[in-house]
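Data file: data-v4.tsv. Format and content: TSV, C-alpha atoms.
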```
chain	number	residue	atom	x	y	z
A	1	MET	CA	123.99	92.74	103.98
A	2	PRO	CA	124.69	93.89	100.38
A	3	ALA	CA	122.89	97.24	100.59
A	4	ILE	CA	124.30	100.66	99.66
A	5	VAL	CA	123.96	103.24	102.43
A	6	SER	CA	126.93	105.58	101.89
A	7	GLY	CA	124.94	108.01	99.76
A	8	SER	CA	121.98	108.31	102.12
A	9	ARG	CA	120.74	111.74	103.18
A	10	VAL	CA	118.51	112.40	106.21
A	11	HIS	CA	116.44	115.47	107.04
A	12	SER	CA	114.91	115.62	110.53
A	13	PRO	CA	112.23	118.31	110.92
A	14	SER	CA	111.35	119.52	114.41
A	15	THR	CA	107.63	120.14	113.82
A	16	ALA	CA	104.84	118.69	111.71
A	17	ALA	CA	104.50	121.99	109.85
A	18	GLU	CA	108.19	121.93	108.98
A	19	ALA	CA	107.94	118.35	107.74
A	20	LEU	CA	105.00	119.13	105.45
A	21	ALA	CA	106.65	122.30	104.13
A	22	PHE	CA	109.88	120.43	103.36
A	23	LEU	CA	108.00	117.68	101.54
A	24	ALA	CA	106.02	120.23	99.51
A	25	GLU	CA	109.21	122.01	98.49
A	26	HIS	CA	111.00	118.79	97.55
A	27	ALA	CA	108.10	116.73	96.14
A	28	GLY	CA	109.27	114.46	93.36
A	29	GLU	CA	112.87	114.33	94.61
A	30	GLY	CA	112.53	110.89	96.18
A	31	TRP	CA	112.37	111.76	99.88
A	32	ARG	CA	110.91	108.82	101.79
A	33	PRO	CA	109.39	109.03	105.30
A	34	LEU	CA	111.35	107.32	108.07
A	35	ALA	CA	109.65	106.59	111.40
A	36	GLY	CA	110.38	103.43	113.41
A	37	GLY	CA	112.84	102.21	110.80
A	38	THR	CA	112.18	98.51	111.42
A	39	ASP	CA	111.92	97.73	107.71
A	40	VAL	CA	114.58	100.07	106.35
A	41	MET	CA	117.49	97.64	105.99
A	42	MET	CA	115.26	94.99	104.44
A	43	GLY	CA	114.01	97.61	102.01
A	44	LEU	CA	117.54	98.64	101.07
A	45	TYR	CA	118.45	95.02	100.53
A	46	ARG	CA	115.32	94.42	98.45
A	47	ASP	CA	115.69	97.52	96.27
A	48	ARG	CA	119.51	97.45	96.05
A	49	ARG	CA	119.54	101.23	95.70
A	50	GLY	CA	121.93	103.85	97.05
A	51	GLY	CA	121.55	107.56	97.58
A	52	GLU	CA	118.24	107.29	99.44
A	53	ARG	CA	116.75	110.48	100.83
A	54	TRP	CA	115.01	110.02	104.18
A	55	LEU	CA	112.58	112.41	105.84
A	56	ASN	CA	113.00	111.44	109.48
A	57	ILE	CA	109.68	112.14	111.22
A	58	ALA	CA	110.35	110.06	114.35
A	59	ARG	CA	110.73	113.11	116.59
A	60	LEU	CA	107.20	114.24	115.64
A	61	ARG	CA	105.63	111.46	117.70
A	62	PRO	CA	104.18	113.89	120.31
A	63	GLU	CA	102.15	115.50	117.50
A	64	TRP	CA	101.37	112.44	115.38
A	65	GLY	CA	101.48	109.60	117.89
A	66	ARG	CA	98.37	110.10	120.01
A	67	ILE	CA	95.52	107.57	120.27
A	68	ALA	CA	92.30	109.25	121.40
A	69	TRP	CA	88.57	109.50	120.84
A	70	GLU	CA	87.31	112.56	119.01
A	71	GLY	CA	83.54	112.43	119.30
A	72	ASP	CA	82.39	109.19	117.65
A	73	GLU	CA	85.74	108.47	116.02
A	74	LEU	CA	88.98	107.00	117.30
A	75	ARG	CA	92.00	108.76	115.87
A	76	ILE	CA	95.19	106.71	115.86
A	77	GLY	CA	98.26	108.79	115.09
A	78	ALA	CA	100.54	107.37	112.43
A	79	LEU	CA	103.55	107.53	114.76
A	80	ALA	CA	101.89	105.48	117.49
A	81	THR	CA	103.88	102.29	117.92
A	82	MET	CA	102.55	98.75	117.92
A	83	ALA	CA	103.27	98.68	121.67
A	84	ASP	CA	101.14	101.83	122.09
A	85	LEU	CA	98.37	100.19	120.11
A	86	ARG	CA	98.66	96.89	121.95
A	87	GLU	CA	98.22	98.59	125.33
A	88	SER	CA	95.64	101.21	124.35
A	89	ALA	CA	92.32	100.99	126.19
A	90	ALA	CA	90.78	103.30	123.57
A	91	ALA	CA	91.90	101.01	120.73
A	92	ARG	CA	90.54	97.96	122.53
A	93	ALA	CA	87.21	99.73	123.01
A	94	ALA	CA	87.11	100.53	119.29
A	95	HIS	CA	87.76	96.87	118.46
A	96	PRO	CA	89.85	94.09	120.08
A	97	LEU	CA	91.06	93.14	116.60
A	98	ILE	CA	93.30	96.22	116.63
A	99	CYS	CA	95.20	95.20	119.77
A	100	GLU	CA	95.47	91.55	118.74
A	101	ALA	CA	97.01	92.48	115.39
A	102	ALA	CA	99.49	94.86	117.06
A	103	SER	CA	100.54	92.02	119.38
A	104	ALA	CA	101.32	89.81	116.36
A	105	VAL	CA	103.82	92.21	114.76
A	106	GLY	CA	107.36	90.88	115.24
A	107	ALA	CA	108.78	90.65	118.77
A	108	ALA	CA	108.45	93.08	121.67
A	109	GLN	CA	111.48	95.03	120.48
A	110	ILE	CA	109.92	95.51	117.05
A	111	GLN	CA	106.59	96.52	118.59
A	112	ASN	CA	108.38	99.23	120.58
A	113	ARG	CA	109.67	100.78	117.33
A	114	ALA	CA	107.32	99.85	114.48
A	115	THR	CA	104.65	102.49	113.81
A	116	VAL	CA	101.06	102.24	112.67
A	117	GLY	CA	101.68	104.50	109.69
A	118	GLY	CA	104.82	102.65	108.68
A	119	ASN	CA	103.07	99.28	108.70
A	120	ILE	CA	100.41	100.69	106.40
A	121	ALA	CA	102.50	102.88	104.09
A	122	ASN	CA	105.12	100.15	103.66
A	123	GLY	CA	102.41	98.31	101.74
A	124	SER	CA	103.59	94.77	102.37
A	125	PRO	CA	100.84	92.27	101.48
A	126	ALA	CA	101.83	90.40	104.66
A	127	GLY	CA	101.40	93.43	106.95
A	128	ASP	CA	99.70	92.08	110.06
A	129	THR	CA	97.51	95.10	110.82
A	130	LEU	CA	96.25	95.70	107.29
A	131	PRO	CA	93.28	93.26	107.29
A	132	VAL	CA	92.10	94.81	110.56
A	133	TRP	CA	91.81	98.30	109.08
A	134	LEU	CA	89.78	96.80	106.24
A	135	ALA	CA	87.52	94.85	108.60
A	136	VAL	CA	86.71	97.83	110.86
A	137	ASP	CA	85.99	100.28	108.00
A	138	ALA	CA	88.97	102.50	108.81
A	139	GLU	CA	89.86	105.64	106.92
A	140	ILE	CA	93.41	106.80	106.26
A	141	GLU	CA	94.16	110.50	106.76
A	142	LEU	CA	96.73	111.99	104.38
A	143	THR	CA	98.10	115.46	105.11
A	144	SER	CA	100.04	118.02	103.08
A	145	THR	CA	100.39	121.80	103.02
A	146	ARG	CA	97.24	121.70	100.87
A	147	GLY	CA	95.28	120.29	103.79
A	148	ALA	CA	94.08	116.89	104.96
A	149	ARG	CA	92.00	114.32	103.13
A	150	ARG	CA	90.60	110.93	104.05
A	151	VAL	CA	90.64	107.77	101.99
A	152	ALA	CA	88.79	104.58	102.89
A	153	PHE	CA	91.40	101.92	103.61
A	154	GLU	CA	89.76	99.74	100.97
A	155	ARG	CA	90.81	102.26	98.31
A	156	PHE	CA	94.17	103.18	99.83
A	157	MET	CA	96.36	100.44	98.36
A	158	THR	CA	96.41	100.38	94.56
A	159	GLY	CA	98.88	97.53	94.00
A	160	TYR	CA	101.94	95.80	95.40
A	161	ARG	CA	103.57	98.39	97.70
A	162	GLN	CA	101.63	101.12	95.89
A	163	SER	CA	99.08	103.54	97.32
A	164	VAL	CA	97.22	106.77	96.67
A	165	ILE	CA	99.68	108.86	98.73
A	166	ALA	CA	100.78	111.87	96.69
A	167	ALA	CA	104.42	112.98	96.58
A	168	ASP	CA	103.78	115.88	98.98
A	169	GLU	CA	101.59	113.95	101.46
A	170	LEU	CA	102.28	112.10	104.68
A	171	LEU	CA	100.07	109.46	106.29
A	172	THR	CA	99.18	111.09	109.61
A	173	SER	CA	96.27	109.14	111.14
A	174	VAL	CA	93.99	106.15	110.98
A	175	VAL	CA	90.38	106.96	111.88
A	176	ILE	CA	87.95	104.33	113.18
A	177	PRO	CA	84.19	104.86	113.66
A	178	ARG	CA	82.75	104.14	117.09
A	179	PRO	CA	81.26	100.62	117.04
A	180	LEU	CA	77.56	99.96	117.37
A	181	SER	CA	76.43	98.57	120.71
A	182	GLY	CA	75.54	94.89	120.88
A	183	GLU	CA	76.98	91.39	120.77
A	184	HIS	CA	79.87	90.80	118.38
A	185	TRP	CA	82.01	87.84	117.36
A	186	TYR	CA	85.52	88.38	116.05
A	187	LEU	CA	88.66	86.55	114.96
A	188	PHE	CA	92.25	87.54	114.27
A	189	ARG	CA	94.46	84.74	113.05
A	190	LYS	CA	97.98	84.89	111.67
A	191	VAL	CA	99.22	81.71	110.00
A	192	ALA	CA	103.01	81.70	109.73
A	193	PRO	CA	105.87	79.18	109.64
A	194	ARG	CA	106.43	79.60	113.38
A	195	ALA	CA	104.48	80.84	116.38
A	196	ALA	CA	106.56	83.98	116.98
A	197	GLN	CA	108.20	86.52	114.67
A	198	GLY	CA	106.98	84.77	111.53
A	199	ILE	CA	105.95	86.43	108.27
A	200	SER	CA	102.34	85.66	107.47
A	201	LYS	CA	101.33	83.04	104.96
A	202	VAL	CA	97.72	84.01	105.62
A	203	VAL	CA	96.32	86.63	107.98
A	204	VAL	CA	92.61	87.21	108.58
A	205	ALA	CA	90.57	89.76	110.49
A	206	ALA	CA	86.93	88.75	110.76
A	207	THR	CA	84.06	90.30	112.65
A	208	GLY	CA	80.29	90.47	112.71
A	209	SER	CA	77.36	91.31	114.96
A	210	ILE	CA	75.24	88.56	116.50
A	211	GLU	CA	71.59	89.52	116.60
A	212	ALA	CA	70.03	87.49	119.40
A	213	ARG	CA	66.99	87.49	121.66
A	214	GLY	CA	68.30	89.08	124.81
A	215	SER	CA	71.90	89.21	125.95
A	216	LEU	CA	73.92	86.01	125.78
A	217	ARG	CA	75.87	84.81	128.81
A	218	GLU	CA	79.66	84.57	128.67
A	219	ASP	CA	79.43	80.76	128.54
A	220	GLU	CA	76.47	80.63	126.14
A	221	SER	CA	76.85	79.57	122.52
A	222	PRO	CA	76.11	82.27	119.92
A	223	ALA	CA	74.26	79.68	117.82
A	224	THR	CA	70.87	81.14	118.77
A	225	GLY	CA	71.64	84.43	116.97
A	226	VAL	CA	71.96	85.49	113.34
A	227	TRP	CA	74.78	87.26	111.55
A	228	ARG	CA	74.72	90.96	110.75
A	229	GLY	CA	77.44	93.03	109.06
A	230	VAL	CA	80.01	90.27	108.60
A	231	ARG	CA	83.51	91.36	107.51
A	232	LEU	CA	86.08	88.84	106.25
A	233	ALA	CA	89.35	90.62	105.44
A	234	TRP	CA	92.42	88.74	104.19
A	235	GLY	CA	96.10	89.58	103.96
A	236	SER	CA	99.13	87.82	102.49
A	237	MET	CA	96.91	86.32	99.80
A	238	GLY	CA	97.86	88.64	96.94
A	239	PRO	CA	99.26	92.10	96.13
A	240	VAL	CA	96.78	93.90	98.40
A	241	THR	CA	94.45	93.12	101.29
A	242	LYS	CA	91.03	91.88	100.15
A	243	ARG	CA	87.55	91.36	101.56
A	244	ALA	CA	85.51	88.25	100.72
A	245	TYR	CA	82.30	90.02	99.74
A	246	ALA	CA	80.39	87.01	98.38
A	247	ALA	CA	81.02	85.01	101.54
A	248	GLU	CA	80.02	88.01	103.68
A	249	ARG	CA	76.72	88.43	101.83
A	250	SER	CA	75.90	84.75	102.18
A	251	ALA	CA	76.00	85.07	105.97
A	252	GLU	CA	73.71	88.09	106.35
A	253	GLY	CA	70.63	87.29	108.45
A	254	ARG	CA	71.48	83.60	108.80
A	255	LYS	CA	72.13	81.56	111.93
A	256	LEU	CA	75.60	80.45	112.85
A	257	ALA	CA	75.81	76.91	111.51
A	258	LEU	CA	78.26	74.51	109.91
A	259	GLU	CA	76.24	74.50	106.70
A	260	LEU	CA	76.61	78.27	106.42
A	261	GLY	CA	80.35	78.05	107.05
A	262	ILE	CA	80.79	75.43	104.33
A	263	GLU	CA	78.71	77.42	101.85
A	264	ALA	CA	80.56	80.67	102.52
A	265	ALA	CA	83.96	78.96	102.34
A	266	ALA	CA	83.11	77.70	98.85
A	267	MET	CA	82.48	81.32	97.77
A	268	LEU	CA	85.91	82.67	98.69
A	269	GLU	CA	87.29	82.21	95.18
A	270	THR	CA	84.79	84.83	93.97
A	271	ASP	CA	86.90	87.55	95.61
A	272	LEU	CA	90.24	86.01	96.56
A	273	ARG	CA	93.05	85.12	94.17
A	274	PRO	CA	95.83	83.73	96.35
A	275	ILE	CA	99.35	83.60	94.95
A	276	ASP	CA	102.28	81.20	94.95
A	277	ASP	CA	105.45	82.70	96.43
A	278	ALA	CA	108.51	81.78	98.48
A	279	ARG	CA	106.50	81.46	101.71
A	280	SER	CA	103.55	79.36	100.55
A	281	THR	CA	101.39	78.12	97.71
A	282	ALA	CA	98.07	79.42	96.44
A	283	ALA	CA	96.46	76.04	97.18
A	284	TYR	CA	97.61	76.10	100.82
A	285	ARG	CA	96.45	79.68	101.31
A	286	MET	CA	93.00	78.93	99.95
A	287	ALA	CA	92.68	75.77	102.04
A	288	VAL	CA	93.53	77.72	105.19
A	289	ALA	CA	91.10	80.49	104.26
A	290	ARG	CA	88.28	78.01	103.69
A	291	ASN	CA	88.91	76.33	107.05
A	292	LEU	CA	88.99	79.62	108.95
A	293	THR	CA	85.86	80.92	107.21
A	294	ARG	CA	83.94	77.70	107.89
A	295	GLU	CA	84.82	77.64	111.57
A	296	PHE	CA	84.28	81.37	112.14
A	297	LEU	CA	80.81	81.52	110.56
A	298	SER	CA	79.85	78.30	112.34
A	299	GLY	CA	80.61	79.96	115.68
A	300	ASN	CA	83.38	77.46	116.46
A	301	LEU	CA	86.29	79.87	116.14
A	302	GLY	CA	86.43	83.37	117.57
A	303	ARG	CA	85.74	85.43	120.67
A	304	TRP	CA	82.97	87.53	122.16
A	305	TRP	CA	83.16	91.27	122.10
A	306	ARG	CA	80.38	93.23	123.77
A	307	VAL	CA	79.81	96.95	123.32
```
Let me see whether you can do it: turn the structure in this file into structure tokens.
Amino acid sequence: MPAIVSGSRVHSPSTAAEALAFLAEHAGEGWRPLAGGTDVMMGLYRDRRGGERWLNIARLRPEWGRIAWEGDELRIGALATMADLRESAAARAAHPLICEAASAVGAAQIQNRATVGGNIANGSPAGDTLPVWLAVDAEIELTSTRGARRVAFERFMTGYRQSVIAADELLTSVVIPRPLSGEHWYLFRKVAPRAAQGISKVVVAATGSIEARGSLREDESPATGVWRGVRLAWGSMGPVTKRAYAAERSAEGRKLALELGIEAAAMLETDLRPIDDARSTAAYRMAVARNLTREFLSGNLGRWWRV
């Protein structure tokens, strides 16, 4: 692989406090966080740069890798791996979308190394977990020696592989609000060239509450209920993850029906601007998005989730 690595420097702090202090002292000098490292060689190949400076935070996983409820919020440490996320009962209770997305990242070997924070901070438009954080109203916690601040995931990415992270900050947690009780319908779908270890052409995380008269049985159709709080979040469609707001609004308070799905699918272009690239075409991406939206809002595609 034609990448330059001979000039690389690595600093490995032993504590979170040491990592933040080092980054504050050397802000602006090009030190880049290194955690699972699953995307490092591809990044070196893509950027064709030598002399990288890496802040190796992998050994801080005991401090920044926990997944636990704190009151009405689930805190997911940035150094939790996709395998941790996939197997986490707390994450599944917060939303099954989280575990399904983690299961779609690479192969088992990648999931054992790839971290939550790395998947987000890497900023790839095709990142499998990114639409999920948008769909579940997650906040990103950024920490420096100046303290911690939270940014809604929707405002975190500012462009292709660009974010609001300051030079002296590290992404330390993802915070999810406790879900409301009730009946919910959700969908995670990754469309890629192959069934396993493919890079997404389109990835969607969709969810919404079903307001019904009484509790529906496991085998009962959700068609008797109406939609509340629909979220349609899309990845691999453009430079950043996007929500389809017009389609979401069209579903509010309406019954699950084919007519609704068709109407909402026609509104996707209001918010989505898919791109042509090496993996797919804009026309294909939009066709897939319309099909998934139609079937999800019709109640023909998705799964129950009860809180």
For this session: Report the distance between CA of Asp168 in chain A and CA of Thr145 in chain A in Å, rounded to one decimal place.
Result: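 That distance, rounded to one decimal, is 7.9 Å.
The smallest atom-to-atom distance between Gln197 in chain A and any of A:Ala16, A:Ala121, A:Val105, A:Ile67, using only C-alpha atoms, is found for A:Val105.
Shell of Ile120 in chain A at 10 Å, with all atoms listed in the file counted and residues fewer than 4 places along the chain excluded, is Ala78, Thr115, Val116, Ser124, Pro125, Gly127, Asp128, Thr129, Leu130, Trp133, Ile140, Phe153, Phe156, Met157, Arg161, Ser163, Leu171 and Val174 of chain A.
Candidate residues A:Leu180, A:Leu260, A:Ala126, A:Leu85 were compared for distance to Gly229 in chain A, and the nearest is A:Leu180, using all atoms listed in the file.
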Exercise. Between A:Gly37, A:Ile98, A:Val136, A:Thr158, which is the closest to Ala114 in chain A once you count all atoms listed in the file?
Worked result: A:Gly37
Exercise. Mind pulling up the distance from CA of Arg92 in chain A to CA of Ala58 in chain A?
Worked result: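 CA of Ala58 in chain A sits 24.6 Å away from CA of Arg92 in chain A.
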For this session: Give me, please, the distance in Å between CA of Arg75 in chain A and CA of Gly182 in chain A, quoted to one decimal.
Result: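 Separation of CA of Arg75 in chain A and CA of Gly182 in chain A: 22.1 Å.
Ranking A:Leu292, A:Leu297, A:Leu272, A:Met286 by their shortest atom-to-atom distance to Glu248 in chain A, with all atoms listed in the file included, puts A:Leu297 first.
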Exercise. Near range 205-207 of chain A, within 9 Å and counting only C-alpha atoms, which residues show up once chain neighbours fewer than 5 positions away are dropped, as a ChimeraX atom specification?
Worked result: /A:97,101,129-136,184-190,229-235,293,296,302
Please, could N, CA and C atoms be added to range 128-147 of chain A and the result written as an mmCIF file, keeping the file's coordinate frame?
```cif
data_model
loop_
_atom_site.group_PDB
_atom_site.id
_atom_site.type_symbol
_atom_site.label_atom_id
_atom_site.label_comp_id
_atom_site.auth_asym_id
_atom_site.auth_seq_id
_atom_site.Cartn_x
_atom_site.Cartn_y
_atom_site.Cartn_z
ATOM 1 N N ASP A 128 100.646 92.717 109.142
ATOM 2 C CA ASP A 128 99.700 92.080 110.060
ATOM 3 C C ASP A 128 98.494 92.942 110.402
ATOM 4 N N THR A 129 98.647 94.260 110.433
ATOM 5 C CA THR A 129 97.510 95.100 110.820
ATOM 6 C C THR A 129 96.576 95.406 109.654
ATOM 7 N N LEU A 130 97.015 95.208 108.432
ATOM 8 C CA LEU A 130 96.250 95.700 107.290
ATOM 9 C C LEU A 130 94.840 95.103 107.173
ATOM 10 N N PRO A 131 94.653 93.789 107.351
ATOM 11 C CA PRO A 131 93.280 93.260 107.290
ATOM 12 C C PRO A 131 92.355 93.853 108.348
ATOM 13 N N VAL A 132 92.916 94.222 109.494
ATOM 14 C CA VAL A 132 92.100 94.810 110.560
ATOM 15 C C VAL A 132 91.500 96.135 110.119
ATOM 16 N N TRP A 133 92.325 97.002 109.521
ATOM 17 C CA TRP A 133 91.810 98.300 109.080
ATOM 18 C C TRP A 133 90.699 98.114 108.049
ATOM 19 N N LEU A 134 90.828 97.086 107.221
ATOM 20 C CA LEU A 134 89.780 96.800 106.240
ATOM 21 C C LEU A 134 88.516 96.293 106.922
ATOM 22 N N ALA A 135 88.672 95.452 107.930
ATOM 23 C CA ALA A 135 87.520 94.850 108.600
ATOM 24 C C ALA A 135 86.734 95.852 109.436
ATOM 25 N N VAL A 136 87.401 96.886 109.972
ATOM 26 C CA VAL A 136 86.710 97.830 110.860
ATOM 27 C C VAL A 136 86.336 99.130 110.139
ATOM 28 N N ASP A 137 86.393 99.122 108.805
ATOM 29 C CA ASP A 137 85.990 100.280 108.000
ATOM 30 C C ASP A 137 86.794 101.534 108.340
ATOM 31 N N ALA A 138 88.101 101.364 108.474
ATOM 32 C CA ALA A 138 88.970 102.500 108.810
ATOM 33 C C ALA A 138 89.167 103.418 107.619
ATOM 34 N N GLU A 139 89.459 104.668 107.932
ATOM 35 C CA GLU A 139 89.860 105.640 106.920
ATOM 36 C C GLU A 139 91.290 106.088 107.210
ATOM 37 N N ILE A 140 92.037 106.342 106.149
ATOM 38 C CA ILE A 140 93.410 106.800 106.260
ATOM 39 C C ILE A 140 93.444 108.303 106.004
ATOM 40 N N GLU A 141 94.043 109.050 106.926
ATOM 41 C CA GLU A 141 94.160 110.500 106.760
ATOM 42 C C GLU A 141 95.528 110.837 106.173
ATOM 43 N N LEU A 142 95.512 111.555 105.058
ATOM 44 C CA LEU A 142 96.730 111.990 104.380
ATOM 45 C C LEU A 142 96.797 113.505 104.452
ATOM 46 N N THR A 143 97.960 114.033 104.836
ATOM 47 C CA THR A 143 98.100 115.460 105.110
ATOM 48 C C THR A 143 99.246 116.052 104.299
ATOM 49 N N SER A 144 99.020 117.246 103.780
ATOM 50 C CA SER A 144 100.040 118.020 103.080
ATOM 51 C C SER A 144 99.815 119.485 103.402
ATOM 52 N N THR A 145 100.613 120.368 102.824
ATOM 53 C CA THR A 145 100.390 121.800 103.020
ATOM 54 C C THR A 145 99.088 122.238 102.368
ATOM 55 N N ARG A 146 98.527 121.398 101.506
ATOM 56 C CA ARG A 146 97.240 121.700 100.870
ATOM 57 C C ARG A 146 96.058 121.365 101.761
ATOM 58 N N GLY A 147 96.335 120.682 102.879
ATOM 59 C CA GLY A 147 95.280 120.290 103.790
ATOM 60 C C GLY A 147 95.273 118.791 104.012
#
```
